Amino acid sequence: MTHIQAQHLKTIEQRLLWLSHWMIHNANHIRPKADGIKVGGHQASSASMVSIMTALYFSALKPQDRVAVKPHASPVFHAIQYLMGNMDRERMENFRGFGGVQSYPSRTKDVDDVDFSTGSVGLGVAITSLASLVQDYIAAKAWGRDIIQGRMVALVGDAELDEGNIYEALQEGWKNDLRNCWWIIDYNRQSLDGIVRGGLFERVEKIFDAFGWQVVRVKHGTLQRAAFNEPGGDALRSWIDDCPNQDYSALTYQGGAVWRQRLMDDLGDQGSVTALLDKRSDDELAALMENLGGNCVETMAETFASIDHDQPVCFLAYTVKGWGTPIAGHKDNHGGLMTKAQMAGWQAQMGVPEGQEWEPFAAVKDTSALQSFLDKTPFFAKGTRRYADAKLPVPTIDFAADREISTQAAFGKILNDLGKVDSALAARIMTTSPDVTGTTGLGAWVNRRKLFSRSEEADAFIEHRIPSTAKWNFAPDGQHVELGIAEMNLFLLLGAAGLSHSLFGKRIIPIGTVYDPFVHRGLDALNYACYQDARFMIVGTPSGVTLAPEGGAHQSIGTALTGMAQDGLASFEPAFADELAVIMEWAFDYMQRDGDGDPDERTWLRDETGGSVYLRLTTAPLEQPGKRVDDSFRQGAVDGAYWLRRPGPSCDVVIAYQGAVAQEAIAAAGQLSEARRDVGVLAVTSADRLNAGWTAAQRDRARGNASAQSHIETLLGDLPNSCSIVTVMDGHPATLGWLGSVAGHRAISLGVEHFGQTGSIQDLYRHYGIDRRGILTAVEGLTVGRRVPLQSVV
């Protein structure tokens, strides 16, 4: 690195330090506040990262590299974009305000070039390793060999390493021969509530080393290294290396005079040490002691440039929290802010004239030279790095069974049928599962399409001619990624693969399977993937107490409600194989959409925006309805419901069911029809989509559009006011409990509210009152004009 390049990096570093802090100060102390609540913004956490990010973005990165920015360094990231002309001042001034730049980098909420959303601590770190795996997966395929591979980089707060998902990702990376991944740890030894325990990172380093990472300590900056070469420098270096974290932070906050006194007290009058200290003023001594490797832009740039391989690297960059500001080192500085007085003094120190606080080049002497340097920065050379890929045509999926079959088995057969045909869609499907591939319906697909690995690996059982239903052949063209038992990794991988069209310009259709109750084990990562607008299909199977012999630990209750509540995820629970086929055909197209979000006035759903899809499936085989002559069920299955048995004009009861309890609902309706001719049976395939359309239509009517009507309102619109509704499902009853409110019908909702136990399906259905007898008891209670407490039908 030339002296001129180093000077430009130093100038940029100081500009970013100022702009990031001024943005936070403006939001908290200058911008009018209606509620008087602190806006926040993490000035100290931004300061500790500014040198690292300057060296990274303006020296090390190439356009094909992707970065997950530490959540609390968001102001620095936005300052970078502002300096480069990619962010306007209005949004900067509105930091953490409505319509302004976000608190933490967001792919969907920010307008600048965010690679990975961060904010849920640790997930932005772990996803980079899974994104690297996705990049390898693409590069190994015939359709992806033209991609230019980049590094997946995470900027990591040291306290983030308390998050367990990071270590799950480390293990998965080792198993998959992780490449092209950098994690840069901002080791300022302070967390939200205090000081990181001394000695911890010696153990952290050993963990990284055990999983095949190169660990690079960046402990001392150029000033310190120069001082170590002076007489007495060895003693100073030993003191710095041995100083406890808490002491180093406290001394940093107190400044040069206190540094001098402490060093003299600890090292004594050793002549050479005294001379080393005496040749520096208090300010110069403070600058020397704060010149740790992570706070030295020149050192960081040189360190990044020294890496000439694709092995994963962990940079342990020693920093001072709040570096370069009046609050540096204070243990309360995580959420603390500079006061107005502190900011005024610091502004003078930074040389920023009043009135030029927002000027990108304020206090820069040679602006043309700096602009020329910025214009040549490789990372920004190609502009915004959001790519796209063409939509893949979806083949017709027409699957209907004339015998009993479960939705889980039907899913496996549909996927296997897709795998038999050499279609563009089938080539781009990537399946994955956390160690439950065979028990979630993926076995036949994997046998046909193989498992992904960077190198060929034959199945030893096949080689030794040992009979087995599974063919575990690993190959670069394999399309299944087998994961260990860590649902967080599953959803992080689905998130990374579901962004592949944008990150790498190559579309993947990711499908993940997991035991349905363990959806909740990865819920943070699922929400994180949806927040980024990743596109994937998650199949939760088996679900509910229908998985009767496995007991309560393997039975799911609340996942249907999760499917309803999760933004960016369309949730379905079909009962029959032909419904599932229709939904999957629709889903493969829906996952690729990127429309403007105008609602479909038939359903009032914003389907053109697209999104991810959740299928809640079961292992309970159901008698199938046979080939449907009336195709109205096809549209209804996608919209969320259809009449399996249309109610007559004198209907006094409707049974609405979702999922595997279809047989019980149909049997109950058949028994009721002996006395009531007009009984209706509503097949609900998606409470999520029905509810979303209903609430959207209500909002639009409130805005004056009297004609807005959702799909469920159309279905229930002709029911007599005296009609009662009984809802039933193998899941929490609140999932369908709102149906009575649509048109003001009396209703009771049957479902499961408590942990299950082992037994047969019929035992548990009877125990929870979701069998035909429980349905009939509920109907009887409603139709005689009294409400029945749930416990009386259990």
# chains A, B, ... in the order shown; residues from 1 in each chain; ligands from 1
>>> select_by_dssp(residues="region 93-159 of chain A", states="strand (DSSP E or B)", output="list of chain:residue names")
A:Met152, A:Val153, A:Ala154, A:Leu155, A:Val156, A:Gly157
>>> write_last_selection(atoms="C-alpha atoms", output="mmCIF file, in the first residue's frame")
data_model
loop_
_atom_site.group_PDB
_atom_site.id
_atom_site.type_symbol
_atom_site.label_atom_id
_atom_site.label_comp_id
_atom_site.auth_asym_id
_atom_site.auth_seq_id
_atom_site.Cartn_x
_atom_site.Cartn_y
_atom_site.Cartn_z
ATOM 1 C CA MET A 152 -19.057 -14.012 2.049
ATOM 2 C CA VAL A 153 -18.026 -11.616 4.826
ATOM 3 C CA ALA A 154 -19.519 -11.101 8.284
ATOM 4 C CA LEU A 155 -18.690 -8.153 10.525
ATOM 5 C CA VAL A 156 -19.152 -9.579 13.991
ATOM 6 C CA GLY A 157 -19.592 -7.985 17.388
#
>>> residues_around(residues="region 226-235 of chain A", least_positions_apart="3", cutoff="12 Å", atoms="only C-alpha atoms", output="number ranges by chain")
A: 220-223, 238-242, 263-264, 266-280, 284-285, 287-289, 291
>>> write_last_selection(atoms="C-alpha atoms", output="PDB file, in the first residue's frame")
ATOM      1  CA  HIS A 220      -1.546  -3.772  17.190  1.00  0.00           C
ATOM      2  CA  GLY A 221      -1.732  -0.818  14.815  1.00  0.00           C
ATOM      3  CA  THR A 222       1.104   0.920  13.013  1.00  0.00           C
ATOM      4  CA  LEU A 223       1.758   3.370  15.871  1.00  0.00           C
ATOM      5  CA  SER A 238       4.071  -7.142  27.183  1.00  0.00           C
ATOM      6  CA  TRP A 239       2.091  -4.751  29.365  1.00  0.00           C
ATOM      7  CA  ILE A 240      -0.529  -4.179  26.633  1.00  0.00           C
ATOM      8  CA  ASP A 241      -0.839  -7.915  25.935  1.00  0.00           C
ATOM      9  CA  ASP A 242      -1.301  -8.726  29.617  1.00  0.00           C
ATOM     10  CA  LEU A 263       2.301   2.796  32.853  1.00  0.00           C
ATOM     11  CA  MET A 264       4.903   4.457  35.064  1.00  0.00           C
ATOM     12  CA  ASP A 266       3.385  -0.678  36.551  1.00  0.00           C
ATOM     13  CA  LEU A 267       6.601  -0.571  34.528  1.00  0.00           C
ATOM     14  CA  GLY A 268       8.644   1.606  36.881  1.00  0.00           C
ATOM     15  CA  ASP A 269      11.362   4.004  35.883  1.00  0.00           C
ATOM     16  CA  GLN A 270      13.195   1.739  33.454  1.00  0.00           C
ATOM     17  CA  GLY A 271      14.934   4.499  31.559  1.00  0.00           C
ATOM     18  CA  SER A 272      14.030   3.354  28.090  1.00  0.00           C
ATOM     19  CA  VAL A 273      10.314   3.042  28.958  1.00  0.00           C
ATOM     20  CA  THR A 274      10.361   6.506  30.513  1.00  0.00           C
ATOM     21  CA  ALA A 275      12.001   7.906  27.402  1.00  0.00           C
ATOM     22  CA  LEU A 276       9.414   6.191  25.185  1.00  0.00           C
ATOM     23  CA  LEU A 277       6.599   7.794  27.187  1.00  0.00           C
ATOM     24  CA  ASP A 278       8.244  11.198  27.654  1.00  0.00           C
ATOM     25  CA  LYS A 279       8.726  11.761  23.925  1.00  0.00           C
ATOM     26  CA  ARG A 280       4.925  11.743  23.538  1.00  0.00           C
ATOM     27  CA  GLU A 284      -0.100  11.348  21.549  1.00  0.00           C
ATOM     28  CA  LEU A 285       0.199   8.726  24.269  1.00  0.00           C
ATOM     29  CA  ALA A 287      -3.526   7.864  20.493  1.00  0.00           C
ATOM     30  CA  LEU A 288      -0.755   5.287  20.801  1.00  0.00           C
ATOM     31  CA  MET A 289      -2.574   3.213  23.419  1.00  0.00           C
ATOM     32  CA  ASN A 291      -4.024   2.320  18.238  1.00  0.00           C
TER      33      ASN A 291
END
>>> residues_around(residues="region 355-364 of chain A", least_positions_apart="3", cutoff="10 Å", atoms="only C-alpha atoms", output="PyMOL selection string")
chain A and resi 11-12+14-16+18-19+22-23+26+79-80+82-85+89+92-93+347+350-352+367-371
>>> closest_atom_pairs(of="region 149-190 of chain A", to="region 496-514 of chain A", cutoff="12 Å", atoms="only C-alpha atoms", output="JSON lines")
{"residue": "A:Gln149", "atom": "CA", "partner": "A:Phe504", "partner_atom": "CA", "distance": 8.5}
{"residue": "A:Gly150", "atom": "CA", "partner": "A:Phe504", "partner_atom": "CA", "distance": 9.4}
{"residue": "A:Arg151", "atom": "CA", "partner": "A:Leu503", "partner_atom": "CA", "distance": 11.8}
{"residue": "A:Met152", "atom": "CA", "partner": "A:Leu503", "partner_atom": "CA", "distance": 10.6}
>>> write_last_selection(atoms="N, CA and C atoms", output="PDB file, in the first residue's frame")
ATOM      1  N   GLN A 149     -17.214 -16.189  -8.331  1.00  0.00           N
ATOM      2  CA  GLN A 149     -17.367 -16.431  -6.899  1.00  0.00           C
ATOM      3  C   GLN A 149     -16.692 -15.338  -6.078  1.00  0.00           C
ATOM      4  N   GLY A 150     -17.384 -14.936  -5.023  1.00  0.00           N
ATOM      5  CA  GLY A 150     -16.856 -13.916  -4.132  1.00  0.00           C
ATOM      6  C   GLY A 150     -16.762 -14.421  -2.712  1.00  0.00           C
ATOM      7  N   ARG A 151     -16.279 -13.555  -1.839  1.00  0.00           N
ATOM      8  CA  ARG A 151     -16.191 -13.900  -0.430  1.00  0.00           C
ATOM      9  C   ARG A 151     -17.475 -13.481   0.278  1.00  0.00           C
ATOM     10  N   MET A 152     -17.926 -14.329   1.191  1.00  0.00           N
ATOM     11  CA  MET A 152     -19.057 -14.012   2.049  1.00  0.00           C
ATOM     12  C   MET A 152     -18.485 -13.532   3.385  1.00  0.00           C
TER      13      MET A 152
END
>>> closest_residue(among="A:Ala126, A:Ala140, A:Ala400, A:Val519", to="Ser556 (chain A)", atoms="only C-alpha atoms")
A:Val519
